[in-house]
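One structure is given below, encoded as structure tokens.
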Amino acid sequence: MIVSDVVCPFCGCLCDDLELEVEGDRVVRVQNGCSLAEATFMNDTRLPTPIRRTKTGWEDISYDEAIKETADILKEADRPLLYGWSSTHGEAQSVGVHIAELIGAVIDNTSTVCHGPSILAIQEVGHPGCTLGQVKNRADVIIYWGCNPIEAHPRHMSRYTTFATGFFVPEAQRERTVIVVDTRRNDTTNIADEFLQVEPGGDYAVLSALRAIVRGKESVIPKKVAGIAKEQLIRVAGICKNAKFGAIFFGLGLTMSRGKYKNVRNAIELTDELNRHTKFVISPMRGHGNVYGSNEVFTWMTGYPFAVDFARGIAFYNPGETTAVDILRRGECDAALIVASDPGANFPRLAAAHLAKIPTVIIDPHVNATTALSRIHIPCTAAGIDAAGTAYRMDGVPIRLKKVIERGYPDDAELLKKIYDRLNGGGWDHD
Amino acid sequence: MRVILESKVRSKPNLPIEAEAIIPRNFLKGTDLVVFEGNKERTLSELFWIFVEGTAVSPENIEVVLKGDTSRIKRVGEYMDTGNIVIEGDIGMHCGNFMSGGTIEILGNADSWLGREMRGGTILCRGNAGHYCATGYRGEKKGMQGGKVEVFGNAGDFCAEYLAGGEVHIHGSTGDFPGVEMRGGQLTIEGDATRPCANMKEGSCVILGTVHDMIPTFEKIDKRVLPEWKITADVYKGDVANRGKGTLMIKNPGAV
């Protein structure tokens, strides 16, 4: 059977034009997708049943048993942590927030190790952004800063920027100027019209210098800024000022290098400065398929996009204090529930090590590095493959994920509702 | 009156305690106060041995002394307006939040957000301070607005971020971005600093040690003798990227 207009749930691009060939409970062919999409749909090896750690290995347990034990662990905790959420749909994320409020937990999503700093910067100076459709149809100058879309978001360039034919940019490849800023050469820098090779940790200085040049204060700038010649900076500032519509996309090279949110803030303020001359926008290249959705869901329910601490019964937010990595690093939390993510593979060693010391439960369709640190692993559906739900694209556009096959697993939202019921003494009352 | 709070041994010593109730004024009516340990509400006597010496009729005559392991106790001195707090060891985050008067003295180290959004009064930290010493809250346009924070050791990153008024004096060195987004006030760093005063708008900063990775958008305008430090410093105006009118005085600008 052929299923068309399928949404790929893997990365923040949420490409919605895939065509899948389905045989029973298997996807056998992926059309239009990138290699990441192909692997997402075709190499989908699941954990068959819930498992619990024993002294010597693992034992299979029933879903009811797993849910009961998870609820007991969370109920007894003085500082439980609910982390992850970014690879599942908004429906499951919202149940997670309700659990956090009920038991006085800290709830955090994967923004904490990716674009959390972007959010901090946006909270300081705002977000001059737009949808990817606008970029596709209007942008004639594209800047990729600290990201490598060819490898991390393979269809970003062909669907929205460099290679995409737009209404006002009919001859994309000829009409669009691509500027790439990175610390080293990679596949994306190879197709750039202008490549700024910045010294590691020098992004902030380069952004400050560009802002000053755009303001006409180039006399202040030294001959070289973080490895980039002043002449090149002046040339790039000129390209930006003469653009009809410019779009900056930035990745973890900006958010997770020295200076973190101050880098992003500086990039936003450069965008602001450029808007005195032409139209310019800036957007983060979000990683997980629905990480933007977890920010949306958390914000409309708690007022804050990530790192929300319900210990006092009300929502408190302070990254650095209430973020998952910091709570784990300080050894604060005494139980953890991980949903749809893999902190075991992505967290600093000290933080991951604490997960192994406390009772940790993971709800995720696949076995991953966090399984090795956990006490219980409960398998569930994968949003966008065998479960439908809402996800948000990297530009904030909500897209309905489709259910393309049935594999007999329970939806993670249903599992979480059952956990909530046990903690609440029965009765899910939030639908 | 002296109130001595000695922390009891806890089964989970890493759990944070939120104790904004610990300010001198609250002890006028007794010691029956509530604090939070993790997500559980506790009475002060569940977590501390409490000793009260003497009596007081007004809060400015009250001194609160914290002893024992106090490194995980947050928000001590929050909204304090008068009196004295002495912490004999280390103190947790947010010590002296929104403080408007009185004195806090920390004999050990202070964790992050020491004197956050402070309005007045004095904080003396004899050891080191963590990140965001004398700053504001996330997304807030003004950090510390008045009073004095003096750290005798080093301070972490983002020290005096969004400083808008008052005085911050670090005897040691600071980490990355001291005085970033400064709006006013006076910042003095006797040791070294990295990328000071980035994006500053107003206020003044003096650095006596070596500056690493100077932000390229500061305009050198002058040399000035600073008699109180007996040095001649380079005077910069900036941050030019920001139409800033701040003053940055540096004895040793280091390598660019």
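Naming works like this for the structure tokens: A, B, ... for the chains as they're shown, residue 1 at the start of each chain, ligands 1 onward in shown order.
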
### Query
Residues of chain A within 7 Å of chain B, using only C-alpha atoms, as a count of residues only?
19

Those of range 133-350 of chain A in DSSP strand (DSSP E or B), formatted as a JSON list (two decimals) with N, CA and C atoms, in the first residue's frame:
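For reference, selection.json as written:
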[["chain", "number", "residue", "atom", "x", "y", "z"],
["A", 141, "VAL", "N", 19.30, 36.42, 0.47],
["A", 141, "VAL", "CA", 20.56, 36.19, 1.19],
["A", 141, "VAL", "C", 20.25, 35.23, 2.35],
["A", 142, "ILE", "N", 21.01, 34.13, 2.38],
["A", 142, "ILE", "CA", 20.83, 33.12, 3.43],
["A", 142, "ILE", "C", 22.13, 33.02, 4.20],
["A", 143, "ILE", "N", 22.04, 33.07, 5.54],
["A", 143, "ILE", "CA", 23.24, 32.88, 6.37],
["A", 143, "ILE", "C", 23.03, 31.64, 7.23],
["A", 144, "TYR", "N", 23.95, 30.70, 7.13],
["A", 144, "TYR", "CA", 23.95, 29.55, 8.05],
["A", 144, "TYR", "C", 25.09, 29.77, 9.04],
["A", 145, "TRP", "N", 24.75, 29.92, 10.31],
["A", 145, "TRP", "CA", 25.77, 30.24, 11.32],
["A", 145, "TRP", "C", 25.87, 29.08, 12.33],
["A", 177, "THR", "N", 22.29, 34.35, -2.42],
["A", 177, "THR", "CA", 23.66, 34.35, -1.93],
["A", 177, "THR", "C", 23.68, 33.58, -0.61],
["A", 178, "VAL", "N", 24.61, 32.63, -0.50],
["A", 178, "VAL", "CA", 24.69, 31.83, 0.72],
["A", 178, "VAL", "C", 25.97, 32.16, 1.47],
["A", 179, "ILE", "N", 25.81, 32.57, 2.73],
["A", 179, "ILE", "CA", 26.96, 32.88, 3.59],
["A", 179, "ILE", "C", 26.98, 31.83, 4.70],
["A", 180, "VAL", "N", 28.13, 31.21, 4.92],
["A", 180, "VAL", "CA", 28.23, 30.21, 5.98],
["A", 180, "VAL", "C", 29.32, 30.63, 6.96],
["A", 181, "VAL", "N", 28.99, 30.58, 8.25],
["A", 181, "VAL", "CA", 29.96, 30.88, 9.29],
["A", 181, "VAL", "C", 30.18, 29.61, 10.09],
["A", 182, "ASP", "N", 31.41, 29.16, 10.16],
["A", 182, "ASP", "CA", 31.70, 27.93, 10.90],
["A", 182, "ASP", "C", 33.15, 27.95, 11.35],
["A", 194, "GLU", "N", 30.18, 32.78, 0.37],
["A", 194, "GLU", "CA", 31.08, 33.49, 1.29],
["A", 194, "GLU", "C", 31.22, 32.62, 2.53],
["A", 195, "PHE", "N", 32.45, 32.23, 2.87],
["A", 195, "PHE", "CA", 32.66, 31.38, 4.04],
["A", 195, "PHE", "C", 33.50, 32.15, 5.06],
["A", 196, "LEU", "N", 32.93, 32.37, 6.22],
["A", 196, "LEU", "CA", 33.67, 33.04, 7.30],
["A", 196, "LEU", "C", 34.16, 31.98, 8.27],
["A", 197, "GLN", "N", 35.47, 31.75, 8.29],
["A", 197, "GLN", "CA", 36.00, 30.74, 9.21],
["A", 197, "GLN", "C", 36.39, 31.41, 10.51],
["A", 224, "LYS", "N", 41.69, 42.27, 12.33],
["A", 224, "LYS", "CA", 41.20, 40.90, 12.32],
["A", 224, "LYS", "C", 40.32, 40.68, 13.55],
["A", 225, "VAL", "N", 39.20, 40.01, 13.37],
["A", 225, "VAL", "CA", 38.33, 39.69, 14.51],
["A", 225, "VAL", "C", 38.12, 38.18, 14.51],
["A", 228, "ILE", "N", 38.93, 36.40, 11.35],
["A", 228, "ILE", "CA", 38.32, 36.87, 10.10],
["A", 228, "ILE", "C", 38.80, 38.29, 9.80],
["A", 229, "ALA", "N", 39.24, 38.49, 8.54],
["A", 229, "ALA", "CA", 39.77, 39.79, 8.15],
["A", 229, "ALA", "C", 38.66, 40.83, 8.12],
["A", 245, "PHE", "N", 15.80, 40.51, 1.09],
["A", 245, "PHE", "CA", 15.23, 39.80, 2.23],
["A", 245, "PHE", "C", 16.29, 38.82, 2.70],
["A", 246, "GLY", "N", 16.77, 38.98, 3.91],
["A", 246, "GLY", "CA", 17.83, 38.10, 4.41],
["A", 246, "GLY", "C", 17.31, 37.20, 5.51],
["A", 247, "ALA", "N", 17.87, 35.99, 5.59],
["A", 247, "ALA", "CA", 17.45, 35.06, 6.65],
["A", 247, "ALA", "C", 18.69, 34.42, 7.26],
["A", 248, "ILE", "N", 18.78, 34.52, 8.59],
["A", 248, "ILE", "CA", 19.88, 33.88, 9.32],
["A", 248, "ILE", "C", 19.33, 32.61, 9.97],
["A", 249, "PHE", "N", 20.02, 31.50, 9.75],
["A", 249, "PHE", "CA", 19.70, 30.26, 10.46],
["A", 249, "PHE", "C", 20.91, 29.90, 11.30],
["A", 250, "PHE", "N", 20.68, 29.57, 12.58],
["A", 250, "PHE", "CA", 21.83, 29.22, 13.41],
["A", 250, "PHE", "C", 21.60, 27.91, 14.14],
["A", 279, "LYS", "N", 14.95, 44.02, 5.05],
["A", 279, "LYS", "CA", 14.20, 43.04, 5.84],
["A", 279, "LYS", "C", 15.11, 41.87, 6.17],
["A", 280, "PHE", "N", 15.24, 41.55, 7.44],
["A", 280, "PHE", "CA", 16.08, 40.44, 7.86],
["A", 280, "PHE", "C", 15.36, 39.64, 8.94],
["A", 281, "VAL", "N", 15.52, 38.33, 8.90],
["A", 281, "VAL", "CA", 14.90, 37.48, 9.92],
["A", 281, "VAL", "C", 15.95, 36.49, 10.45],
["A", 282, "ILE", "N", 15.66, 35.90, 11.59],
["A", 282, "ILE", "CA", 16.59, 34.93, 12.20],
["A", 282, "ILE", "C", 15.79, 33.79, 12.80],
["A", 283, "SER", "N", 16.28, 32.56, 12.64],
["A", 283, "SER", "CA", 15.57, 31.41, 13.19],
["A", 283, "SER", "C", 16.55, 30.33, 13.62],
["A", 284, "PRO", "N", 16.24, 29.64, 14.72],
["A", 284, "PRO", "CA", 17.08, 28.52, 15.12],
["A", 284, "PRO", "C", 16.79, 27.28, 14.28],
["A", 288, "HIS", "N", 15.37, 17.93, 17.36],
["A", 288, "HIS", "CA", 14.33, 16.92, 17.45],
["A", 288, "HIS", "C", 13.08, 17.37, 16.71],
["A", 308, "VAL", "N", 10.97, 23.76, 34.01],
["A", 308, "VAL", "CA", 9.93, 24.28, 34.90],
["A", 308, "VAL", "C", 9.93, 23.46, 36.19],
["A", 309, "ASP", "N", 10.07, 24.15, 37.32],
["A", 309, "ASP", "CA", 10.15, 23.50, 38.62],
["A", 309, "ASP", "C", 8.82, 23.71, 39.36],
["A", 316, "PHE", "N", 8.17, 27.55, 38.53],
["A", 316, "PHE", "CA", 9.33, 28.43, 38.65],
["A", 316, "PHE", "C", 10.32, 28.02, 37.58],
["A", 317, "TYR", "N", 10.97, 29.01, 36.98],
["A", 317, "TYR", "CA", 11.83, 28.76, 35.83],
["A", 317, "TYR", "C", 13.12, 29.52, 36.01],
["A", 335, "ALA", "N", 14.61, 10.70, 41.65],
["A", 335, "ALA", "CA", 13.90, 9.80, 40.75],
["A", 335, "ALA", "C", 13.76, 10.51, 39.42],
["A", 336, "ALA", "N", 13.76, 9.74, 38.33],
["A", 336, "ALA", "CA", 13.66, 10.39, 37.03],
["A", 336, "ALA", "C", 12.77, 9.58, 36.11],
["A", 337, "LEU", "N", 11.95, 10.29, 35.34],
["A", 337, "LEU", "CA", 11.17, 9.67, 34.28],
["A", 337, "LEU", "C", 11.62, 10.31, 32.97],
["A", 338, "ILE", "N", 12.15, 9.50, 32.08],
["A", 338, "ILE", "CA", 12.64, 9.99, 30.79],
["A", 338, "ILE", "C", 11.63, 9.56, 29.72],
["A", 339, "VAL", "N", 11.19, 10.49, 28.90],
["A", 339, "VAL", "CA", 10.23, 10.17, 27.85],
["A", 339, "VAL", "C", 10.77, 10.65, 26.50]]

### Query
Residues of range 15-187 of chain A in alpha helix (DSSP H) according to DSSP, as number ranges by chain?
A: 35-42, 63-76, 90-103, 116-125, 132-138, 149-152, 156-159, 172-175, 187

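Across B:Glu53, B:Lys142, B:Glu202, B:Ala134, the tightest approach to Ile170 in chain B is made by B:Ala134 when counting only C-alpha atoms.
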
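A straight line drawn from CA of Asp25 in chain A to CA of Leu401 in chain A is 17.4 Å long.
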
### Task
In Å, rounded to a single decimal, give me how far CA of Thr43 in chain B is from CA of Ala105 in chain A.
20.7 Å

Quick one: residues within 9 Å of range 302-304 of chain A, only C-alpha atoms counted, chain neighbours fewer than 2 positions away excluded, as a PDB file with N, CA and C atoms, in the first residue's frame?
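What follows is the written file part-v4.pdb:
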ATOM      1  N   VAL A  97       3.194  17.466  31.653  1.00  0.00           N
ATOM      2  CA  VAL A  97       3.122  18.694  32.457  1.00  0.00           C
ATOM      3  C   VAL A  97       2.124  18.522  33.604  1.00  0.00           C
ATOM      4  N   ASN A 295       8.374  23.132  23.663  1.00  0.00           N
ATOM      5  CA  ASN A 295       8.419  24.514  24.141  1.00  0.00           C
ATOM      6  C   ASN A 295       7.030  25.142  24.111  1.00  0.00           C
ATOM      7  N   GLU A 296       6.286  24.878  23.030  1.00  0.00           N
ATOM      8  CA  GLU A 296       4.933  25.437  22.903  1.00  0.00           C
ATOM      9  C   GLU A 296       4.022  24.907  24.006  1.00  0.00           C
ATOM     10  N   VAL A 297       4.022  23.572  24.158  1.00  0.00           N
ATOM     11  CA  VAL A 297       3.122  22.958  25.140  1.00  0.00           C
ATOM     12  C   VAL A 297       3.469  23.434  26.551  1.00  0.00           C
ATOM     13  N   PHE A 298       4.750  23.420  26.890  1.00  0.00           N
ATOM     14  CA  PHE A 298       5.160  23.864  28.226  1.00  0.00           C
ATOM     15  C   PHE A 298       4.742  25.319  28.442  1.00  0.00           C
ATOM     16  N   THR A 299       4.912  26.147  27.405  1.00  0.00           N
ATOM     17  CA  THR A 299       4.642  27.571  27.579  1.00  0.00           C
ATOM     18  C   THR A 299       3.159  27.840  27.765  1.00  0.00           C
ATOM     19  N   TRP A 300       2.329  27.184  26.956  1.00  0.00           N
ATOM     20  CA  TRP A 300       0.908  27.507  27.156  1.00  0.00           C
ATOM     21  C   TRP A 300       0.364  26.919  28.442  1.00  0.00           C
ATOM     22  N   PHE A 306      10.822  25.670  29.033  1.00  0.00           N
ATOM     23  CA  PHE A 306      11.547  24.468  29.470  1.00  0.00           C
ATOM     24  C   PHE A 306      11.999  24.693  30.910  1.00  0.00           C
ATOM     25  N   ALA A 307      12.586  23.650  31.524  1.00  0.00           N
ATOM     26  CA  ALA A 307      13.133  23.794  32.878  1.00  0.00           C
ATOM     27  C   ALA A 307      12.124  24.395  33.858  1.00  0.00           C
ATOM     28  N   VAL A 308      10.965  23.758  34.008  1.00  0.00           N
ATOM     29  CA  VAL A 308       9.933  24.275  34.902  1.00  0.00           C
ATOM     30  C   VAL A 308       9.934  23.455  36.195  1.00  0.00           C
ATOM     31  N   ILE A 314       3.843  25.925  42.392  1.00  0.00           N
ATOM     32  CA  ILE A 314       3.691  26.866  41.283  1.00  0.00           C
ATOM     33  C   ILE A 314       4.889  26.711  40.354  1.00  0.00           C
ATOM     34  N   ALA A 315       4.743  27.186  39.118  1.00  0.00           N
ATOM     35  CA  ALA A 315       5.827  27.034  38.149  1.00  0.00           C
ATOM     36  C   ALA A 315       6.934  28.046  38.426  1.00  0.00           C
ATOM     37  N   PHE A 316       8.165  27.547  38.528  1.00  0.00           N
ATOM     38  CA  PHE A 316       9.328  28.428  38.648  1.00  0.00           C
ATOM     39  C   PHE A 316      10.318  28.022  37.576  1.00  0.00           C
ATOM     40  N   TYR A 317      10.967  29.014  36.978  1.00  0.00           N
ATOM     41  CA  TYR A 317      11.828  28.764  35.826  1.00  0.00           C
ATOM     42  C   TYR A 317      13.123  29.520  36.012  1.00  0.00           C
TER      43      TYR A 317
END

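Take the candidates B:Gly83, B:Pro253, B:Gly244, B:Gly120 and check each one against Leu208 in chain B using only C-alpha atoms; the shortest distance goes to B:Pro253.
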
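Among the candidate residues A:Thr323, A:Thr88, A:Asn137, A:Ser35, the one lying nearest to His153 in chain A is A:Ser35, with distances computed using only C-alpha atoms.
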
Please report, as a Markdown table, each residue of range 256-331 of chain A lying at most 12 Å from range 2-9 of chain A, together with the nearest pair of atoms and the separation in Å rounded to one decimal; use only C-alpha atoms, and order rows by chain and ascending residue number.
| residue | atom | partner | partner_atom | distance |
| --- | --- | --- | --- | --- |
| A:Gly287 | CA | A:Pro9 | CA | 10.8 |
| A:His288 | CA | A:Pro9 | CA | 8.2 |
| A:Gly289 | CA | A:Pro9 | CA | 5.0 |
| A:Asn290 | CA | A:Pro9 | CA | 7.5 |
| A:Val291 | CA | A:Pro9 | CA | 10.7 |
| A:Gly293 | CA | A:Pro9 | CA | 11.8 |

### Message
At a cut-off of 7 Å, using only C-alpha atoms, what residues contact Glu199 in chain A? Leave out same-chain residues fewer than 4 positions from it and give the result as number ranges by chain.
### Response
A: 183, 226-227

### Query
Between A:Val22, A:Cys114, A:Ala356, A:Ala351, which has the minimum distance to Tyr261 in chain A (counting only C-alpha atoms)?
A:Cys114

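Here CA of Leu5 in chain B is placed at a distance of 10.4 Å from CA of Val86 in chain B.
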
### Message
Report as a PyMOL selection string all protein, DNA and RNA residues lying within 12 Å of Ser341 in chain A, evaluated on only C-alpha atoms, omitting residues in the same chain fewer than 5 positions from it.
### Response
chain A and resi 10+82-88+108-111+113+287-291+346-347+361-371+382

Using N, CA and C atoms, can you write the selected residues to a file as a short mmCIF file (atom, residue, chain, number, x, y, z; two decimals), in the first residue's frame?
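again_3.cif, written as the output of this step:
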data_model
loop_
_atom_site.label_atom_id
_atom_site.label_comp_id
_atom_site.auth_asym_id
_atom_site.auth_seq_id
_atom_site.Cartn_x
_atom_site.Cartn_y
_atom_site.Cartn_z
N PHE A 10 11.42 13.02 12.22
CA PHE A 10 12.77 12.95 12.78
C PHE A 10 13.32 14.31 13.21
N LEU A 82 11.23 15.00 35.38
CA LEU A 82 10.59 14.44 34.18
C LEU A 82 11.29 15.09 32.98
N TYR A 83 12.00 14.30 32.20
CA TYR A 83 12.83 14.89 31.15
C TYR A 83 12.59 14.23 29.80
N GLY A 84 12.76 15.00 28.75
CA GLY A 84 12.74 14.45 27.40
C GLY A 84 11.72 15.16 26.53
N TRP A 85 10.69 14.42 26.11
CA TRP A 85 9.47 14.93 25.48
C TRP A 85 9.60 15.34 24.01
N SER A 86 10.80 15.49 23.47
CA SER A 86 10.91 16.19 22.19
C SER A 86 10.71 15.30 20.97
N SER A 87 10.63 13.97 21.15
CA SER A 87 10.38 13.12 19.99
C SER A 87 8.98 12.53 20.02
N THR A 88 8.14 13.03 20.91
CA THR A 88 6.77 12.55 20.91
C THR A 88 5.82 13.71 20.59
N ASP A 108 11.50 19.13 32.24
CA ASP A 108 12.43 19.80 31.33
C ASP A 108 12.42 19.05 30.01
N ASN A 109 12.72 19.75 28.93
CA ASN A 109 12.80 19.07 27.64
C ASN A 109 14.18 19.24 27.02
N THR A 110 14.39 18.66 25.86
CA THR A 110 15.75 18.60 25.31
C THR A 110 16.30 19.96 24.89
N SER A 111 15.47 21.01 24.91
CA SER A 111 16.01 22.36 24.67
C SER A 111 17.17 22.66 25.59
N VAL A 113 19.68 21.09 26.32
CA VAL A 113 21.01 20.82 25.76
C VAL A 113 21.10 21.21 24.28
N GLY A 287 16.48 20.76 16.42
CA GLY A 287 16.93 19.40 16.16
C GLY A 287 15.82 18.38 16.16
N HIS A 288 15.37 17.93 17.36
CA HIS A 288 14.33 16.92 17.45
C HIS A 288 13.08 17.37 16.71
N GLY A 289 12.36 16.37 16.15
CA GLY A 289 11.16 16.64 15.37
C GLY A 289 10.18 17.57 16.07
N ASN A 290 9.93 17.33 17.35
CA ASN A 290 8.90 18.11 18.03
C ASN A 290 9.45 18.85 19.24
N VAL A 291 10.70 19.28 19.17
CA VAL A 291 11.25 20.01 20.31
C VAL A 291 10.60 21.39 20.40
N ASN A 346 23.49 11.96 25.50
CA ASN A 346 23.72 13.38 25.21
C ASN A 346 24.12 14.23 26.41
N PHE A 347 23.93 13.74 27.62
CA PHE A 347 24.23 14.57 28.79
C PHE A 347 25.71 14.46 29.15
N VAL A 361 13.18 5.67 35.09
CA VAL A 361 12.29 4.93 34.19
C VAL A 361 12.31 5.63 32.85
N ILE A 362 12.39 4.86 31.77
CA ILE A 362 12.34 5.47 30.45
C ILE A 362 11.15 4.93 29.67
N ILE A 363 10.41 5.84 29.06
CA ILE A 363 9.31 5.46 28.15
C ILE A 363 9.75 5.90 26.76
N ASP A 364 10.11 4.96 25.91
CA ASP A 364 10.62 5.28 24.58
C ASP A 364 10.45 4.04 23.71
N PRO A 365 10.14 4.22 22.41
CA PRO A 365 9.95 3.04 21.56
C PRO A 365 11.23 2.21 21.39
N HIS A 366 12.38 2.86 21.47
CA HIS A 366 13.63 2.17 21.12
C HIS A 366 14.55 2.00 22.32
N VAL A 367 15.35 0.96 22.28
CA VAL A 367 16.43 0.80 23.26
C VAL A 367 17.50 1.83 22.92
N ASN A 368 17.95 2.58 23.90
CA ASN A 368 19.02 3.55 23.65
C ASN A 368 19.99 3.57 24.83
N ALA A 369 20.91 4.52 24.82
CA ALA A 369 21.94 4.55 25.87
C ALA A 369 21.34 4.77 27.25
N THR A 370 20.20 5.44 27.32
CA THR A 370 19.56 5.69 28.61
C THR A 370 19.01 4.40 29.22
N THR A 371 18.64 3.44 28.36
CA THR A 371 18.18 2.14 28.87
C THR A 371 19.21 1.55 29.83
N ALA A 382 5.80 5.13 18.32
CA ALA A 382 6.64 6.24 17.89
C ALA A 382 5.75 7.24 17.16
#

#### Entry: Shell of 9 Å around Ala121 in chain A, only C-alpha atoms, local chain residues under 6 positions omitted, as a list in words
His127, Tyr261, Lys262, Asn263, Val264, Arg265, Asn266 and Ile268 of chain A; Gly139 of chain B
